[in-house]
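Undergrad: Structure provided below as structure tokens; questions to follow.
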Amino acid sequence: MQDIFDNKIICKNCNSEMQKVKFLKNGFSFRAVHCLKCNNKVIHPEDKQEYQRYLNLRNKNFGVKLRLVGNSYTVSIPREIVNFINEQNKVIDEIVKLNFEGMRKLSLIFNNN
Ligand SMILES: [Zn+2]
């Protein structure tokens, strides 16, 4: 399917052609077009939507159960989180880093290399 950014995009303020740019925000890569004349910026609508999905997921609290399996405890990571990371990073490694951050906090670090 053709991407809207494959087309010439004209700035609505000053009628000049906008330049394609990429920028990072909170580890997120955004596609945008930028007008050099008046500094107008338009973010790719798909990237905007994905970022909103990320913010929604990030603000959600999941209640997951701790289960004893052999000598370890396991928790289930909700599928929507793993799917989202997969879509963003393309591939998810089977090995994740686990960090005992504090008495009441564990963190998992997903890497794609
Ligand atoms: Zn402009």
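Here, A, B, ... name the chains of the structure tokens in the order displayed, residue numbers run from 1 inside each chain, and ligands are numbered from 1 in the same displayed order.
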Which residues are near ligand 1 - at most 8 Å, using only C-alpha atoms and all ligand atoms? Format: as a PyMOL selection string.
TA: chain A and resi 10-18+34-40
Undergrad: Would you save the residues from that selection as a CSV table (one decimal), in the first residue's frame, using C-alpha atoms?
TA:
```
chain,number,residue,atom,x,y,z
A,10,ILE,CA,2.4,21.3,0.7
A,11,CYS,CA,2.4,23.4,3.8
A,12,LYS,CA,-1.1,24.8,4.5
A,13,ASN,CA,0.3,28.0,5.9
A,14,CYS,CA,2.7,29.1,3.2
A,15,ASN,CA,2.2,26.7,0.2
A,16,SER,CA,5.8,25.5,0.1
A,17,GLU,CA,6.8,21.9,-0.2
A,18,MET,CA,7.4,20.2,3.1
A,34,HIS,CA,8.6,19.8,8.2
A,35,CYS,CA,8.2,23.2,6.5
A,36,LEU,CA,11.5,25.0,6.4
A,37,LYS,CA,9.8,28.3,5.7
A,38,CYS,CA,7.4,28.6,8.7
A,39,ASN,CA,8.5,25.7,10.9
A,40,ASN,CA,5.1,23.9,10.6
```
Undergrad: Please provide as a list of chain:residue names all residues within 12 Å of Phe23 in chain A, with the sequence filter that same-chain residues fewer than 3 positions apart are discarded (counting only C-alpha atoms).
TA: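 My reading of the contact set: A:Lys20, A:Asn26, A:Gly27, A:Phe28, A:Ser29, A:Phe30, A:Arg31, A:Ala32, A:Val33, A:His34, A:Lys41, A:Val42, A:Ile43, A:His44, A:Asp47.
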Undergrad: Determine the nearest neighbour of Ile77 in chain A from the options A:Leu108, A:Arg53, A:Phe100, A:Asp6, counting only C-alpha atoms.
TA: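 Checking each of A:Leu108, A:Arg53, A:Phe100, A:Asp6 against Ile77 in chain A, counting only C-alpha atoms, the winner is A:Leu108.
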Undergrad: Write out as a list in words the set of residues from chain A that DSSP, computed on the backbone, places in alpha helix (DSSP H).
TA: Pro45, Glu46, Asp47, Lys48, Gln49, Glu50, Tyr51, Gln52, Arg53, Tyr54, Leu55, Asn56, Leu57, Arg58, Arg79, Glu80, Ile81, Val82, Asn83, Phe84, Ile85, Asn86, Glu87, Gln88 and Asn89 of chain A
Undergrad: Enumerate as number ranges by chain all residues of range 2-107 of chain A assigned to strand (DSSP E) by DSSP on the backbone, naming them with the chain letters and numbers the document uses.
TA: A: 19-25, 28-34, 41-43, 67-69, 72-74, 97-102, 105-107
Undergrad: Go ahead and save the picked residues with N, CA and C atoms, as a short mmCIF file (atom, residue, chain, number, x, y, z; two decimals), in the first residue's frame.
TA:
```
data_model
loop_
_atom_site.label_atom_id
_atom_site.label_comp_id
_atom_site.auth_asym_id
_atom_site.auth_seq_id
_atom_site.Cartn_x
_atom_site.Cartn_y
_atom_site.Cartn_z
N GLN A 19 9.45 19.04 3.89
CA GLN A 19 10.53 18.06 3.85
C GLN A 19 10.25 16.92 4.84
N LYS A 20 10.60 15.71 4.40
CA LYS A 20 10.43 14.56 5.29
C LYS A 20 11.53 14.57 6.36
N VAL A 21 11.14 14.35 7.60
CA VAL A 21 12.11 14.26 8.69
C VAL A 21 11.73 13.10 9.61
N LYS A 22 12.70 12.68 10.42
CA LYS A 22 12.45 11.67 11.44
C LYS A 22 12.95 12.21 12.75
N PHE A 23 12.21 11.93 13.83
CA PHE A 23 12.73 12.35 15.13
C PHE A 23 12.32 11.34 16.19
N LEU A 24 13.05 11.38 17.29
CA LEU A 24 12.83 10.44 18.39
C LEU A 24 12.19 11.14 19.58
N LYS A 25 11.25 10.45 20.21
CA LYS A 25 10.66 10.97 21.44
C LYS A 25 10.37 9.77 22.33
N PHE A 28 10.72 6.47 20.81
CA PHE A 28 9.81 6.24 19.71
C PHE A 28 10.29 7.00 18.48
N SER A 29 10.31 6.34 17.34
CA SER A 29 10.71 7.01 16.12
C SER A 29 9.47 7.53 15.38
N PHE A 30 9.44 8.81 15.11
CA PHE A 30 8.31 9.42 14.40
C PHE A 30 8.73 9.85 13.01
N ARG A 31 7.84 9.62 12.04
CA ARG A 31 8.01 10.20 10.72
C ARG A 31 7.20 11.50 10.72
N ALA A 32 7.75 12.52 10.10
CA ALA A 32 7.02 13.79 10.04
C ALA A 32 7.43 14.54 8.78
N VAL A 33 6.65 15.55 8.45
CA VAL A 33 7.06 16.49 7.40
C VAL A 33 7.22 17.85 8.06
N HIS A 34 8.21 18.58 7.57
CA HIS A 34 8.58 19.84 8.20
C HIS A 34 8.66 20.94 7.14
N LYS A 41 5.01 21.63 11.40
CA LYS A 41 5.40 20.22 11.44
C LYS A 41 4.16 19.34 11.50
N VAL A 42 4.14 18.29 10.69
CA VAL A 42 3.01 17.36 10.72
C VAL A 42 3.56 15.95 10.94
N ILE A 43 3.10 15.32 12.00
CA ILE A 43 3.53 13.96 12.32
C ILE A 43 2.71 12.96 11.52
N ARG A 67 3.04 -17.56 40.23
CA ARG A 67 2.85 -19.01 40.34
C ARG A 67 4.20 -19.70 40.53
N LEU A 68 4.18 -20.74 41.34
CA LEU A 68 5.41 -21.50 41.54
C LEU A 68 5.51 -22.59 40.48
N VAL A 69 6.60 -22.55 39.70
CA VAL A 69 6.86 -23.57 38.69
C VAL A 69 8.26 -24.12 38.95
N SER A 72 11.15 -21.93 40.60
CA SER A 72 11.04 -20.50 40.30
C SER A 72 9.59 -20.05 40.35
N TYR A 73 9.44 -18.76 40.46
CA TYR A 73 8.11 -18.18 40.36
C TYR A 73 7.95 -17.56 38.98
N THR A 74 6.78 -17.69 38.44
CA THR A 74 6.54 -17.09 37.13
C THR A 74 5.36 -16.12 37.21
N LYS A 97 16.25 -9.34 30.36
CA LYS A 97 17.00 -9.05 31.59
C LYS A 97 16.02 -8.71 32.69
N LEU A 98 16.26 -9.32 33.85
CA LEU A 98 15.40 -9.06 34.99
C LEU A 98 16.23 -8.38 36.07
N ASN A 99 15.67 -7.34 36.63
CA ASN A 99 16.40 -6.54 37.58
C ASN A 99 15.58 -6.34 38.85
N PHE A 100 16.20 -6.64 40.00
CA PHE A 100 15.55 -6.45 41.29
C PHE A 100 15.76 -4.99 41.71
N GLU A 101 14.85 -4.15 41.26
CA GLU A 101 15.03 -2.70 41.40
C GLU A 101 14.85 -2.19 42.82
N GLY A 102 13.96 -2.83 43.54
CA GLY A 102 13.69 -2.39 44.90
C GLY A 102 12.85 -3.45 45.59
N LYS A 105 9.73 -3.83 43.69
CA LYS A 105 9.76 -3.59 42.25
C LYS A 105 10.78 -4.45 41.50
N LEU A 106 10.28 -5.13 40.46
CA LEU A 106 11.13 -5.86 39.52
C LEU A 106 10.99 -5.22 38.17
N SER A 107 12.06 -5.17 37.39
CA SER A 107 11.88 -4.67 36.03
C SER A 107 12.40 -5.69 35.04
#
```
Undergrad: Excluding Asn56 in chain A and residues on its chain fewer than 4 positions from it, collect all residues at most 12 Å away from it, counting only C-alpha atoms, and give them as number ranges by chain.
TA: A: 49-52, 60-61, 80-81, 84
Undergrad: Please list as JSON, numbers by chain every residue within 10 Å of Ile4 in chain A, counting only C-alpha atoms and excluding residues in the same chain fewer than 4 positions away.
TA: {"A": [8, 9, 44, 45]}
